[in-house]
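Source file: protein18.txt (compact mmCIF, C-alpha atoms and all ligand atoms)
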# COMPACT_ATOMS: atom_id res chain seq x y z
CA MET A 1 37.06 -23.06 10.69
CA ASN A 2 40.67 -21.96 10.47
CA GLY A 3 41.81 -18.88 12.29
CA LYS A 4 39.33 -19.56 15.08
CA LYS A 5 40.40 -19.86 18.66
CA LEU A 6 39.35 -22.31 21.34
CA TYR A 7 39.56 -21.86 25.09
CA ILE A 8 38.98 -25.03 27.09
CA GLU A 9 38.86 -25.75 30.80
CA THR A 10 38.91 -29.29 32.15
CA TYR A 11 37.74 -30.73 35.45
CA GLY A 12 37.74 -34.30 36.72
CA CYS A 13 39.30 -37.60 35.80
CA GLN A 14 41.74 -38.81 33.14
CA MET A 15 38.81 -39.60 30.89
CA ASN A 16 37.88 -35.93 30.90
CA GLU A 17 41.44 -34.87 30.11
CA TYR A 18 41.34 -37.31 27.24
CA ASP A 19 37.98 -35.99 26.08
CA SER A 20 39.27 -32.40 26.18
CA ASP A 21 42.14 -33.44 23.92
CA ARG A 22 39.56 -35.04 21.62
CA ILE A 23 37.54 -31.82 21.60
CA ARG A 24 40.72 -29.99 20.68
CA ASN A 25 41.31 -32.29 17.73
CA ALA A 26 37.65 -32.38 16.70
CA LEU A 27 37.62 -28.61 16.27
CA SER A 28 41.18 -28.08 15.05
CA PHE A 29 41.06 -24.48 16.27
CA GLU A 30 44.07 -22.75 17.66
CA LEU A 31 44.18 -23.07 21.44
CA THR A 32 44.24 -19.92 23.56
CA ASP A 33 44.68 -19.57 27.28
CA ASN A 34 42.78 -16.29 27.30
CA PRO A 35 38.98 -16.68 27.22
CA ALA A 36 38.62 -13.05 26.08
CA ASP A 37 40.39 -14.03 22.82
CA ALA A 38 38.35 -17.14 22.12
CA ASP A 39 35.67 -17.77 19.51
CA VAL A 40 34.57 -20.90 21.33
CA ILE A 41 34.76 -21.50 25.09
CA ILE A 42 34.24 -24.99 26.41
CA VAL A 43 34.07 -26.06 30.03
CA ASN A 44 34.51 -29.84 30.25
CA THR A 45 32.95 -30.86 33.53
CA CYS A 46 32.90 -33.52 36.24
CA ALA A 47 29.85 -34.64 38.21
CA ILE A 48 31.37 -37.21 40.55
CA ARG A 49 30.67 -35.19 43.71
CA GLU A 50 28.57 -32.12 44.42
CA LYS A 51 31.62 -29.91 44.79
CA ALA A 52 32.78 -30.86 41.32
CA ASP A 53 29.56 -29.83 39.68
CA GLN A 54 29.43 -26.57 41.65
CA LYS A 55 32.87 -25.87 40.24
CA ALA A 56 31.51 -26.37 36.74
CA PHE A 57 28.77 -23.80 37.26
CA SER A 58 31.02 -21.22 38.88
CA SER A 59 33.48 -21.67 36.05
CA LEU A 60 30.73 -21.10 33.47
CA GLY A 61 29.51 -18.08 35.43
CA ARG A 62 32.84 -16.35 34.79
CA PHE A 63 32.02 -16.13 31.08
CA LYS A 64 28.66 -14.40 31.39
CA HIS A 65 30.08 -10.90 30.97
CA LEU A 66 32.08 -12.03 27.92
CA LYS A 67 28.92 -13.11 26.17
CA ALA A 68 27.32 -9.77 26.99
CA LYS A 69 30.24 -7.95 25.40
CA ARG A 70 30.69 -10.28 22.45
CA PRO A 71 27.44 -12.10 21.62
CA ASP A 72 29.13 -14.06 18.82
CA VAL A 73 31.35 -16.02 21.20
CA ILE A 74 30.07 -19.58 21.63
CA ILE A 75 29.95 -20.82 25.21
CA GLY A 76 29.65 -24.55 25.66
CA ILE A 77 29.49 -26.98 28.54
CA ALA A 78 30.71 -30.51 27.90
CA GLY A 79 31.19 -33.64 29.96
CA CYS A 80 29.33 -35.24 32.82
CA VAL A 81 27.56 -32.17 34.25
CA ALA A 82 26.29 -31.36 30.75
CA GLN A 83 24.91 -34.88 30.48
CA LEU A 84 23.40 -34.81 33.96
CA TYR A 85 21.47 -31.53 33.76
CA GLY A 86 20.98 -31.08 30.00
CA ASP A 87 18.60 -28.24 29.10
CA LYS A 88 18.26 -27.20 32.76
CA ILE A 89 21.67 -25.61 32.36
CA ILE A 90 20.42 -23.27 29.68
CA GLU A 91 17.36 -22.38 31.77
CA LYS A 92 19.67 -21.39 34.58
CA MET A 93 22.38 -19.84 32.43
CA PRO A 94 20.78 -18.47 29.27
CA TYR A 95 24.11 -17.23 27.89
CA VAL A 96 25.23 -20.84 27.36
CA ASP A 97 24.95 -21.87 23.68
CA LEU A 98 25.85 -25.52 23.75
CA VAL A 99 25.39 -28.49 26.09
CA ILE A 100 27.16 -31.65 24.96
CA GLY A 101 27.49 -34.98 26.78
CA PRO A 102 30.66 -37.10 26.86
CA ARG A 103 29.43 -39.54 24.23
CA ALA A 104 28.65 -36.89 21.64
CA ILE A 105 32.07 -35.30 21.10
CA PRO A 106 32.30 -36.45 17.46
CA LYS A 107 29.23 -34.30 16.76
CA LEU A 108 30.86 -31.17 18.11
CA PRO A 109 32.17 -29.61 14.84
CA LYS A 110 28.75 -29.95 13.21
CA LEU A 111 26.99 -28.41 16.22
CA ILE A 112 29.35 -25.45 16.30
CA THR A 113 28.81 -24.80 12.60
CA GLU A 114 25.06 -24.99 13.09
CA ILE A 115 25.12 -22.53 15.99
CA GLN A 116 27.16 -20.14 13.89
CA SER A 117 24.67 -20.28 11.05
CA ASP A 118 21.30 -20.45 12.84
CA GLN A 119 22.22 -18.76 16.14
CA ARG A 120 20.21 -21.37 18.03
CA LYS A 121 21.23 -23.19 21.15
CA LYS A 122 22.11 -26.88 20.87
CA ILE A 123 21.70 -29.63 23.44
CA GLU A 124 23.18 -33.03 22.58
CA THR A 125 22.93 -35.59 25.35
CA SER A 126 21.73 -38.69 23.53
CA PHE A 127 23.60 -41.93 24.07
CA ASP A 128 22.99 -43.33 20.62
CA VAL A 129 26.16 -41.93 19.16
CA GLU A 130 27.88 -44.87 17.56
CA GLU A 131 31.20 -43.34 16.79
CA VAL A 132 32.19 -42.87 20.46
CA PHE A 133 35.85 -43.61 19.83
CA GLU A 134 36.05 -41.96 16.45
CA ILE A 135 38.03 -38.89 17.31
CA GLU A 136 41.50 -39.41 18.63
CA PRO A 137 42.88 -36.87 21.07
CA TYR A 138 45.30 -34.09 20.39
CA HIS A 139 48.84 -35.01 21.39
CA GLU A 140 51.31 -32.37 22.44
CA GLU A 141 54.57 -32.63 20.54
CA GLY A 142 57.41 -33.99 22.64
CA LYS A 143 55.18 -35.43 25.36
CA VAL A 144 56.46 -38.82 26.44
CA THR A 145 53.29 -40.19 28.03
CA ALA A 146 49.71 -40.45 26.80
CA PHE A 147 46.31 -41.78 27.76
CA VAL A 148 44.53 -44.25 25.51
CA SER A 149 40.85 -44.84 26.14
CA ILE A 150 39.88 -48.49 25.81
CA GLN A 151 36.38 -48.26 27.22
CA GLN A 152 33.47 -45.86 27.61
CA GLY A 153 30.84 -45.99 30.32
CA CYS A 154 30.35 -48.50 33.11
CA ASN A 155 28.19 -51.57 33.76
CA LYS A 156 28.66 -51.76 37.51
CA MET A 157 25.89 -50.63 39.79
CA CYS A 158 27.59 -48.97 42.74
CA THR A 159 24.78 -47.20 44.54
CA TYR A 160 26.66 -43.92 45.09
CA CYS A 161 28.01 -43.44 41.60
CA ILE A 162 26.84 -41.09 38.88
CA VAL A 163 29.15 -42.43 36.17
CA PRO A 164 26.80 -45.01 34.59
CA HIS A 165 24.11 -42.31 34.47
CA VAL A 166 26.27 -39.79 32.66
CA ARG A 167 28.60 -41.97 30.62
CA GLY A 168 26.19 -44.76 29.79
CA LYS A 169 26.68 -48.52 29.54
CA GLU A 170 30.10 -50.03 29.04
CA ILE A 171 31.35 -50.01 25.48
CA ASN A 172 34.67 -51.68 24.85
CA ARG A 173 36.88 -50.34 22.13
CA PRO A 174 37.97 -52.88 19.51
CA LEU A 175 41.50 -54.25 19.92
CA GLU A 176 42.75 -53.07 16.54
CA ASP A 177 41.62 -49.47 17.20
CA ILE A 178 43.48 -49.43 20.49
CA LEU A 179 46.64 -50.81 18.92
CA GLN A 180 46.47 -48.31 16.08
CA GLU A 181 46.19 -45.40 18.45
CA ILE A 182 49.15 -46.66 20.50
CA ARG A 183 51.25 -47.18 17.35
CA ARG A 184 50.53 -43.67 16.17
CA LEU A 185 51.48 -42.27 19.57
CA VAL A 186 54.73 -44.26 19.59
CA GLN A 187 55.56 -42.83 16.17
CA LYS A 188 55.16 -39.39 17.71
CA GLY A 189 57.67 -40.26 20.42
CA VAL A 190 55.43 -41.57 23.19
CA LYS A 191 57.17 -44.10 25.45
CA GLU A 192 54.45 -44.84 27.99
CA VAL A 193 50.72 -45.25 27.56
CA THR A 194 48.10 -45.42 30.28
CA LEU A 195 45.09 -47.42 29.16
CA ILE A 196 42.04 -45.78 30.65
CA GLY A 197 38.51 -46.92 31.36
CA GLN A 198 36.08 -46.59 34.23
CA THR A 199 36.64 -50.27 35.02
CA VAL A 200 39.59 -50.74 32.73
CA ASN A 201 40.29 -54.38 33.55
CA SER A 202 36.72 -55.36 32.67
CA TRP A 203 37.66 -54.67 29.03
CA LYS A 204 36.85 -57.58 26.76
CA THR A 205 35.91 -58.46 23.21
CA ASP A 206 34.56 -61.72 21.74
CA ARG A 207 38.05 -63.16 21.64
CA TYR A 208 40.17 -61.24 24.09
CA ARG A 209 40.32 -60.34 27.76
CA PHE A 210 42.23 -57.54 29.47
CA GLY A 211 45.28 -59.75 30.14
CA ASP A 212 45.51 -60.50 26.40
CA LEU A 213 45.38 -56.80 25.61
CA LEU A 214 48.35 -56.14 27.91
CA ARG A 215 50.37 -58.85 26.18
CA ILE A 216 49.46 -57.78 22.66
CA ALA A 217 50.01 -54.05 23.30
CA ALA A 218 53.42 -54.83 24.81
CA GLU A 219 54.56 -56.18 21.44
CA ILE A 220 54.50 -52.69 19.95
CA GLU A 221 58.09 -51.77 19.26
CA GLY A 222 59.32 -48.52 20.76
CA LEU A 223 56.73 -48.56 23.52
CA LEU A 224 58.56 -48.85 26.83
CA ARG A 225 55.82 -48.91 29.44
CA ILE A 226 52.14 -49.71 29.87
CA ARG A 227 49.97 -48.51 32.75
CA PHE A 228 46.24 -48.77 33.21
CA THR A 229 43.57 -47.26 35.42
CA THR A 230 41.08 -47.69 37.12
CA SER A 231 40.74 -51.39 37.99
CA TYR A 232 37.59 -52.94 39.41
CA PRO A 233 38.47 -55.43 42.18
CA ARG A 234 36.11 -58.18 41.06
CA ASP A 235 37.65 -58.22 37.60
CA VAL A 236 41.22 -58.87 38.75
CA THR A 237 41.70 -62.28 37.14
CA ARG A 238 44.49 -64.82 37.10
CA LYS A 239 45.06 -63.99 33.46
CA MET A 240 45.49 -60.31 34.25
CA ILE A 241 47.87 -60.96 37.16
CA ASP A 242 49.94 -63.34 35.01
CA ALA A 243 50.22 -60.74 32.28
CA MET A 244 51.29 -58.08 34.79
CA ARG A 245 53.93 -60.42 36.15
CA GLU A 246 55.25 -61.81 32.87
CA VAL A 247 55.19 -58.80 30.57
CA SER A 248 58.09 -56.56 31.53
CA LYS A 249 56.60 -53.42 29.95
CA VAL A 250 53.59 -53.52 32.28
CA CYS A 251 54.23 -51.33 35.31
CA HIS A 252 53.90 -52.88 38.75
CA HIS A 253 51.18 -50.57 39.97
CA ILE A 254 47.44 -51.02 40.33
CA HIS A 255 44.82 -48.50 41.36
CA LEU A 256 42.21 -50.66 43.05
CA PRO A 257 39.45 -48.70 44.80
CA VAL A 258 38.18 -50.52 47.89
CA GLN A 259 35.74 -47.71 48.93
CA SER A 260 35.14 -49.15 52.43
CA GLY A 261 36.50 -51.76 54.81
CA SER A 262 33.09 -52.63 56.26
CA ASN A 263 31.14 -55.52 54.77
CA ARG A 264 27.87 -53.89 55.73
CA VAL A 265 28.78 -50.70 53.89
CA LEU A 266 30.25 -52.57 50.92
CA ALA A 267 26.97 -54.44 50.54
CA ARG A 268 24.98 -51.21 50.64
CA MET A 269 27.34 -49.75 48.07
CA LYS A 270 26.77 -52.85 45.89
CA ARG A 271 30.48 -53.33 45.44
CA THR A 272 30.01 -57.13 45.01
CA TYR A 273 32.93 -58.15 47.24
CA THR A 274 33.69 -58.39 50.93
CA ARG A 275 36.67 -56.99 52.80
CA GLU A 276 38.02 -60.55 53.11
CA TRP A 277 37.73 -61.06 49.36
CA TYR A 278 39.47 -57.73 48.67
CA ILE A 279 42.34 -58.56 51.04
CA GLU A 280 42.67 -61.97 49.42
CA THR A 281 42.93 -60.23 46.02
CA VAL A 282 45.65 -57.95 47.34
CA ASN A 283 47.47 -61.02 48.62
CA ARG A 284 47.18 -62.75 45.27
CA LEU A 285 48.63 -59.66 43.57
CA ARG A 286 51.48 -59.41 46.06
CA ASP A 287 52.27 -63.13 45.96
CA ALA A 288 52.62 -62.94 42.18
CA ILE A 289 54.27 -59.52 42.00
CA PRO A 290 56.03 -58.85 45.32
CA ASP A 291 57.02 -55.25 44.52
CA ILE A 292 53.57 -54.19 43.25
CA ALA A 293 52.36 -50.76 44.40
CA ILE A 294 48.68 -50.59 45.28
CA SER A 295 46.67 -47.40 45.56
CA THR A 296 43.00 -47.02 46.36
CA ASP A 297 39.93 -44.79 46.74
CA ILE A 298 37.84 -44.57 49.91
CA ILE A 299 34.46 -43.00 50.64
CA VAL A 300 33.74 -42.06 54.26
CA GLY A 301 30.37 -41.12 55.67
CA PHE A 302 28.34 -43.34 53.36
CA PRO A 303 24.70 -43.40 54.59
CA GLY A 304 24.43 -45.66 57.62
CA GLU A 305 28.21 -45.80 58.25
CA THR A 306 28.68 -46.30 62.00
CA GLU A 307 31.82 -45.71 64.07
CA GLU A 308 32.37 -49.43 63.90
CA ASP A 309 32.11 -49.47 60.10
CA PHE A 310 34.57 -46.60 59.93
CA HIS A 311 36.88 -48.45 62.28
CA ASP A 312 36.76 -51.42 59.89
CA THR A 313 37.96 -49.13 57.10
CA MET A 314 40.82 -47.85 59.27
CA LYS A 315 41.77 -51.43 60.12
CA LEU A 316 41.76 -52.32 56.44
CA LEU A 317 44.14 -49.42 55.69
CA GLU A 318 46.42 -50.65 58.44
CA GLU A 319 46.30 -54.21 57.21
CA VAL A 320 46.73 -53.55 53.49
CA GLN A 321 49.29 -50.72 53.76
CA PHE A 322 48.37 -48.97 50.53
CA ASP A 323 51.05 -46.96 48.79
CA SER A 324 48.57 -44.13 48.51
CA ALA A 325 44.86 -43.44 48.81
CA PHE A 326 42.40 -40.85 47.60
CA SER A 327 39.58 -40.34 50.05
CA PHE A 328 36.31 -38.46 49.88
CA LYS A 329 33.24 -37.65 51.92
CA PHE A 330 30.11 -39.26 50.52
CA SER A 331 28.24 -36.85 48.30
CA PRO A 332 24.64 -37.64 47.27
CA ARG A 333 24.27 -37.59 43.48
CA PRO A 334 20.89 -37.03 41.83
CA GLY A 335 19.29 -40.19 40.51
CA THR A 336 21.60 -42.62 42.33
CA PRO A 337 20.08 -45.06 44.86
CA ALA A 338 22.31 -43.91 47.73
CA ALA A 339 21.01 -40.35 47.41
CA ASP A 340 17.72 -41.67 48.82
CA PHE A 341 19.20 -43.87 51.53
CA PRO A 342 18.10 -42.89 55.03
CA ASP A 343 20.46 -42.40 57.97
CA ARG A 344 22.79 -39.90 56.36
CA VAL A 345 25.96 -39.29 58.32
CA ASP A 346 26.14 -35.72 59.53
CA ASP A 347 28.76 -33.54 57.93
CA ASN A 348 30.85 -32.95 61.05
CA THR A 349 31.17 -36.66 61.66
CA ALA A 350 32.08 -37.32 58.04
CA SER A 351 34.68 -34.53 58.10
CA ARG A 352 36.21 -35.86 61.29
CA ARG A 353 36.44 -39.37 59.84
CA LEU A 354 37.96 -38.09 56.63
CA LYS A 355 40.61 -36.14 58.50
CA GLU A 356 41.48 -39.09 60.73
CA LEU A 357 41.75 -41.41 57.76
CA GLN A 358 43.85 -39.01 55.72
CA GLU A 359 46.27 -38.39 58.58
CA PHE A 360 46.68 -42.12 59.07
CA GLN A 361 47.26 -42.83 55.39
CA ARG A 362 49.65 -39.90 54.98
CA LYS A 363 51.98 -41.55 57.47
CA ILE A 364 51.88 -44.86 55.63
CA THR A 365 52.53 -43.15 52.28
CA LEU A 366 55.44 -41.16 53.71
CA GLU A 367 56.96 -44.24 55.32
CA LYS A 368 56.67 -46.14 52.04
CA ASN A 369 58.29 -43.28 50.15
CA MET A 370 61.10 -43.01 52.70
CA SER A 371 61.70 -46.74 52.50
CA ARG A 372 62.84 -46.25 48.88
CA VAL A 373 65.91 -44.26 50.03
CA GLY A 374 69.09 -46.07 49.00
CA LEU A 375 67.36 -48.07 46.27
CA VAL A 376 68.04 -47.66 42.57
CA GLU A 377 64.80 -47.05 40.67
CA GLU A 378 64.06 -47.15 36.95
CA VAL A 379 62.67 -43.75 36.06
CA LEU A 380 61.07 -42.80 32.75
CA VAL A 381 62.06 -39.16 32.36
CA GLU A 382 58.98 -37.12 31.45
CA GLY A 383 60.36 -33.60 31.45
CA ARG A 384 61.98 -30.86 33.43
CA SER A 385 60.95 -30.50 37.06
CA LYS A 386 58.45 -27.68 37.54
CA HIS A 387 59.85 -26.65 40.88
CA ASN A 388 63.58 -27.17 40.61
CA ASP A 389 65.82 -25.60 37.99
CA GLY A 390 68.20 -28.10 36.43
CA PHE A 391 66.16 -31.02 37.73
CA LEU A 392 64.35 -33.62 35.67
CA SER A 393 61.16 -35.35 36.66
CA GLY A 394 59.83 -38.80 35.94
CA ARG A 395 58.11 -41.75 37.50
CA THR A 396 59.07 -45.18 38.79
CA PRO A 397 57.10 -48.22 37.62
CA HIS A 398 55.29 -47.97 40.97
CA ASN A 399 54.04 -44.51 39.97
CA ARG A 400 56.22 -42.51 42.35
CA ILE A 401 57.42 -39.15 41.08
CA VAL A 402 61.20 -38.76 41.19
CA ASN A 403 63.07 -35.46 40.79
CA PHE A 404 66.81 -35.49 40.13
CA PRO A 405 69.45 -33.30 38.50
CA GLY A 406 70.22 -34.18 34.91
CA PRO A 407 70.44 -32.99 31.31
CA GLN A 408 67.28 -32.62 29.26
CA GLU A 409 68.59 -35.05 26.62
CA LEU A 410 67.41 -37.77 28.98
CA ILE A 411 63.75 -36.86 28.44
CA GLY A 412 61.99 -39.91 27.04
CA LYS A 413 64.58 -42.37 28.33
CA ILE A 414 64.45 -44.81 31.20
CA VAL A 415 67.36 -44.12 33.54
CA ASN A 416 68.58 -45.55 36.83
CA VAL A 417 68.19 -43.14 39.71
CA LYS A 418 69.48 -43.72 43.21
CA ILE A 419 66.93 -42.43 45.70
CA THR A 420 68.34 -40.05 48.29
CA GLU A 421 65.20 -38.61 49.94
CA GLY A 422 61.56 -39.55 50.33
CA PHE A 423 58.78 -36.97 50.73
CA GLN A 424 55.00 -37.10 51.03
CA ASN A 425 54.32 -36.89 47.30
CA SER A 426 57.64 -37.53 45.60
CA LEU A 427 61.19 -38.82 45.84
CA ARG A 428 64.49 -37.15 45.17
CA GLY A 429 67.54 -38.87 43.76
CA GLU A 430 70.64 -38.76 41.61
CA LEU A 431 71.61 -40.49 38.39
CA TYR A 432 73.17 -43.83 39.12
N1 LIG A 501 30.53 -39.41 46.83
C1 LIG A 501 31.83 -39.41 47.21
N2 LIG A 501 32.79 -40.00 46.50
C2 LIG A 501 32.45 -40.63 45.35
N3 LIG A 501 33.19 -41.30 44.46
C3 LIG A 501 32.37 -41.72 43.48
N4 LIG A 501 31.11 -41.33 43.72
C4 LIG A 501 31.13 -40.65 44.89
C5 LIG A 501 30.14 -40.01 45.68
N5 LIG A 501 28.85 -40.01 45.33
C6 LIG A 501 34.62 -41.54 44.61
C7 LIG A 501 34.96 -43.04 44.63
C8 LIG A 501 35.57 -43.24 43.28
C9 LIG A 501 36.25 -41.93 43.04
C10 LIG A 501 36.62 -41.64 41.64
O1 LIG A 501 35.33 -40.98 43.52
O2 LIG A 501 35.90 -43.28 45.65
O3 LIG A 501 36.46 -44.35 43.23
Have the structure of the file written as structure tokens, please.
Amino acid sequence: MNGKKLYIETYGCQMNEYDSDRIRNALSFELTDNPADADVIIVNTCAIREKADQKAFSSLGRFKHLKAKRPDVIIGIAGCVAQLYGDKIIEKMPYVDLVIGPRAIPKLPKLITEIQSDQRKKIETSFDVEEVFEIEPYHEEGKVTAFVSIQQGCNKMCTYCIVPHVRGKEINRPLEDILQEIRRLVQKGVKEVTLIGQTVNSWKTDRYRFGDLLRIAAEIEGLLRIRFTTSYPRDVTRKMIDAMREVSKVCHHIHLPVQSGSNRVLARMKRTYTREWYIETVNRLRDAIPDIAISTDIIVGFPGETEEDFHDTMKLLEEVQFDSAFSFKFSPRPGTPAADFPDRVDDNTASRRLKELQEFQRKITLEKNMSRVGLVEEVLVEGRSKHNDGFLSGRTPHNRIVNFPGPQELIGKIVNVKITEGFQNSLRGELY
């Protein structure tokens, strides 16, 4: 396979970025950023909302003329859209050669070889691939941070969500595999890992729970920081909070999607908690770890959401004071229960609610960022700032980006930075 070139485009969440790096390693082709040069083109897709899967198709559409010019180029679609639509993609886009779901990445090299020899299209969307974690991702030399997948799929039953349909049931990666991957990354110079999983804190094995994993991973020498995402509220346990508080390598940040502040909507979403329970969980986290940063995800315009329900969400944002929030308009996904719920919220109303919510949260985020001015923060330096010559960029344990002037020898080190300015999406400071 040597001498071949791969062009890959990635949409969606951290899991997809991770999977793209696995695809890169699975094929061990040279990477190119010019599709016209590539022997294999892969679009790794996201299906979480309708817009995301439209993006996947328009991205694929761009390669149609390439296939006409060079019939030997292999065009593949990977990820959640591939899993969701399977052979329908090839019906619609006959120039596509390969459709491969997220669980089947280890089969990729074999499929590519087969296409090259028999010139037939391949569709691999079965879930019975046992070696889901077999291929570790490519790691760019010199990169200080890395994702480590600890879980595939999801066992929750949120009525709006496509993830269990396209990524399958939850499979938890064995402890020793996770530790081995982290150790290898640390040997390559990685200082911070982010453990990833759809409901990362639901991770468990016969003997261990997520809190144990945090403690055990923290023993790896040379590793400076541990993050994790995304957490499921109902699985925030005492054990997990204690580990976050007691293990100094674990960053004081949690991404804890609440989705709605209305109990009626939460019940229809099947989120399995109430707003009171969520707020109580936030309080437990803050009592144990007073400086913890909490971010969240919100869906507005869920079917049946009234003005009063929306108001409950706004009140929750005011009460909790999240450090940041990602918010989305509800998008019906094929095969999910909520796609068939009656009383859809009309698009104008949903847009108006989204705008109102985002404006409100932006203020809170900005205030929180500005409140850091004058404080000295511990920043893990990740690299040079993209926007400012002579500046370095890194993050605080609370996941705030900090830019400050400094020499590049500091990359990979944790340094003290005095914060001088707070912006919407970052902080500025100087070495302290
Ligand atoms: N419509 C809108 N947003 C959704 N999300 C998940 N499914 C949908 C959907 N059908 C949002 C949730 C989730 C985030 C990753 O995407 O807020 O936490």
Nearby residues, ligand LIG 501 (chain A), 6 Å, all atoms listed in the file, as a compact mmCIF listing (two decimals) with C-alpha atoms, keeping the file's coordinate frame:
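File produced: result_30.txt:
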# COMPACT_ATOMS: atom_id res chain seq x y z
CA ILE A 48 31.37 -37.21 40.55
CA ARG A 49 30.67 -35.19 43.71
CA TYR A 160 26.66 -43.92 45.09
CA CYS A 161 28.01 -43.44 41.60
CA PRO A 257 39.45 -48.70 44.80
CA GLN A 259 35.74 -47.71 48.93
CA ASP A 297 39.93 -44.79 46.74
CA ILE A 298 37.84 -44.57 49.91
CA ILE A 299 34.46 -43.00 50.64
CA PHE A 328 36.31 -38.46 49.88
CA LYS A 329 33.24 -37.65 51.92
CA PHE A 330 30.11 -39.26 50.52
CA SER A 331 28.24 -36.85 48.30
CA PRO A 332 24.64 -37.64 47.27
CA ARG A 333 24.27 -37.59 43.48
| said: Could you check the closest approach to Phe391 (chain A) for each of A:Ala82, A:Arg428, A:Thr365, A:Phe133 and tell me which residue wins, using only C-alpha atoms? | reply: A:Arg428
| field | From A:His387, A:Lys110, A:Lys69, A:Arg167, residue lying nearest Met15 (chain A) [only C-alpha atoms] | value | A:Arg167
| request: Provide the CA of Asp343 (chain A) to CA of Gly168 (chain A) distance in Å, to one decimal place. | output: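 Computing it gives 28.9 Å between the two atoms.
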| Two-atom distance - CA of Thr45 (chain A), CA of Ser324 (chain A) (Å) |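 CA of Thr45 (chain A) sits 25.4 Å away from CA of Ser324 (chain A).
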If you take only C-alpha atoms and a cut-off of 12 Å, which residues of region 344-384 of chain A touch region 305-309 of chain A, and what are their nearest atom pairs and distances in Å to one decimal, in chain and number order, as JSON lines?
{"residue": "A:Arg344", "atom": "CA", "partner": "A:Glu305", "partner_atom": "CA", "distance": 8.2}
{"residue": "A:Val345", "atom": "CA", "partner": "A:Glu305", "partner_atom": "CA", "distance": 6.9}
{"residue": "A:Asp346", "atom": "CA", "partner": "A:Glu305", "partner_atom": "CA", "distance": 10.4}
{"residue": "A:Thr349", "atom": "CA", "partner": "A:Glu307", "partner_atom": "CA", "distance": 9.4}
{"residue": "A:Ala350", "atom": "CA", "partner": "A:Glu305", "partner_atom": "CA", "distance": 9.3}
{"residue": "A:Arg352", "atom": "CA", "partner": "A:Glu307", "partner_atom": "CA", "distance": 11.1}
{"residue": "A:Arg353", "atom": "CA", "partner": "A:Glu307", "partner_atom": "CA", "distance": 8.9}
| task | Go ahead and compute the interatomic distance for CA of Ser126 (chain A) and CA of Ala78 (chain A), in Å to one decimal. | result |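 Taking CA of Ser126 (chain A) as the start and CA of Ala78 (chain A) as the end point, the length is 12.9 Å.
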| query | Closest to Gly197 (chain A) among A:Cys13, A:Ala288, A:Ile77, A:Val381, using only C-alpha atoms? | reply |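 Answer, going by the shortest atom-to-atom distance: A:Cys13.
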| A:Thr281, A:Ser260, A:Asn388, A:Thr199 ranked by distance to Ala325 (chain A), top pick (using all atoms listed in the file) |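 When distances to Ala325 (chain A) are compared using all atoms listed in the file, the smallest one comes from A:Ser260.
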| task | Go through A:Arg173, A:Val376, A:Val193, A:Thr237 and flag the residue nearest Asp206 (chain A), using all atoms listed in the file for the distances. | result |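 Answer, going by the shortest atom-to-atom distance: A:Arg173.
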| field | Among listed residues A:Val320, A:Leu427, A:Ile23, A:Met314, nearest Lys355 (chain A) (using only C-alpha atoms) | value | A:Met314
| request: Identify, on the basis of only C-alpha atoms, every residue whose closest approach to Thr296 (chain A) does not exceed 12 Å; exclude the query and any residue fewer than 5 positions from it along the same chain; express the result as an NGL selection string. | output: :A and (229-233 or 253-261 or 278 or 282 or 316-317 or 320-328 or 361 or 365)
| field | Residues near Glu141 (chain A), cut-off 10 Å, only C-alpha atoms, skip fewer than 6 positions along chain, as a ChimeraX atom specification | value | /A:188-190
| message | Using only C-alpha atoms, which protein or nucleic acid residues come within 9 Å of Thr396 (chain A)? Drop anything in the same chain fewer than 4 positions from it, and give the result as a list in words. | response |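 In the requested format, the answer is Cys251, Glu377, Glu378, Val379, Leu380, Arg400, Ile401 and Val402 of chain A.
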| message | Given the point (31.9, -13.2, 18.2) in the file's coordinates, find the residues that have an atom at most 9 Å from it, counting all atoms listed in the file, and give them as a PyMOL selection string. | response | chain A and resi 38-40+67+70-74
| message | Can you pull out the residues contacting Phe29 (chain A)? Cut-off 8 Å, using all atoms listed in the file, and skip same-chain residues under 2 positions away; I want them as a ChimeraX atom specification. | response | /A:1-6,24-25,27,31
Shell around Arg183 (chain A) at 9 Å using only C-alpha atoms, local window under 5 positions removed, as a compact mmCIF listing (two decimals) with C-alpha atoms, in the coordinates of the input:
# COMPACT_ATOMS: atom_id res chain seq x y z
CA ILE A 178 43.48 -49.43 20.49
CA LYS A 188 55.16 -39.39 17.71
CA ILE A 220 54.50 -52.69 19.95
CA GLU A 221 58.09 -51.77 19.26
CA GLY A 222 59.32 -48.52 20.76
CA LEU A 223 56.73 -48.56 23.52
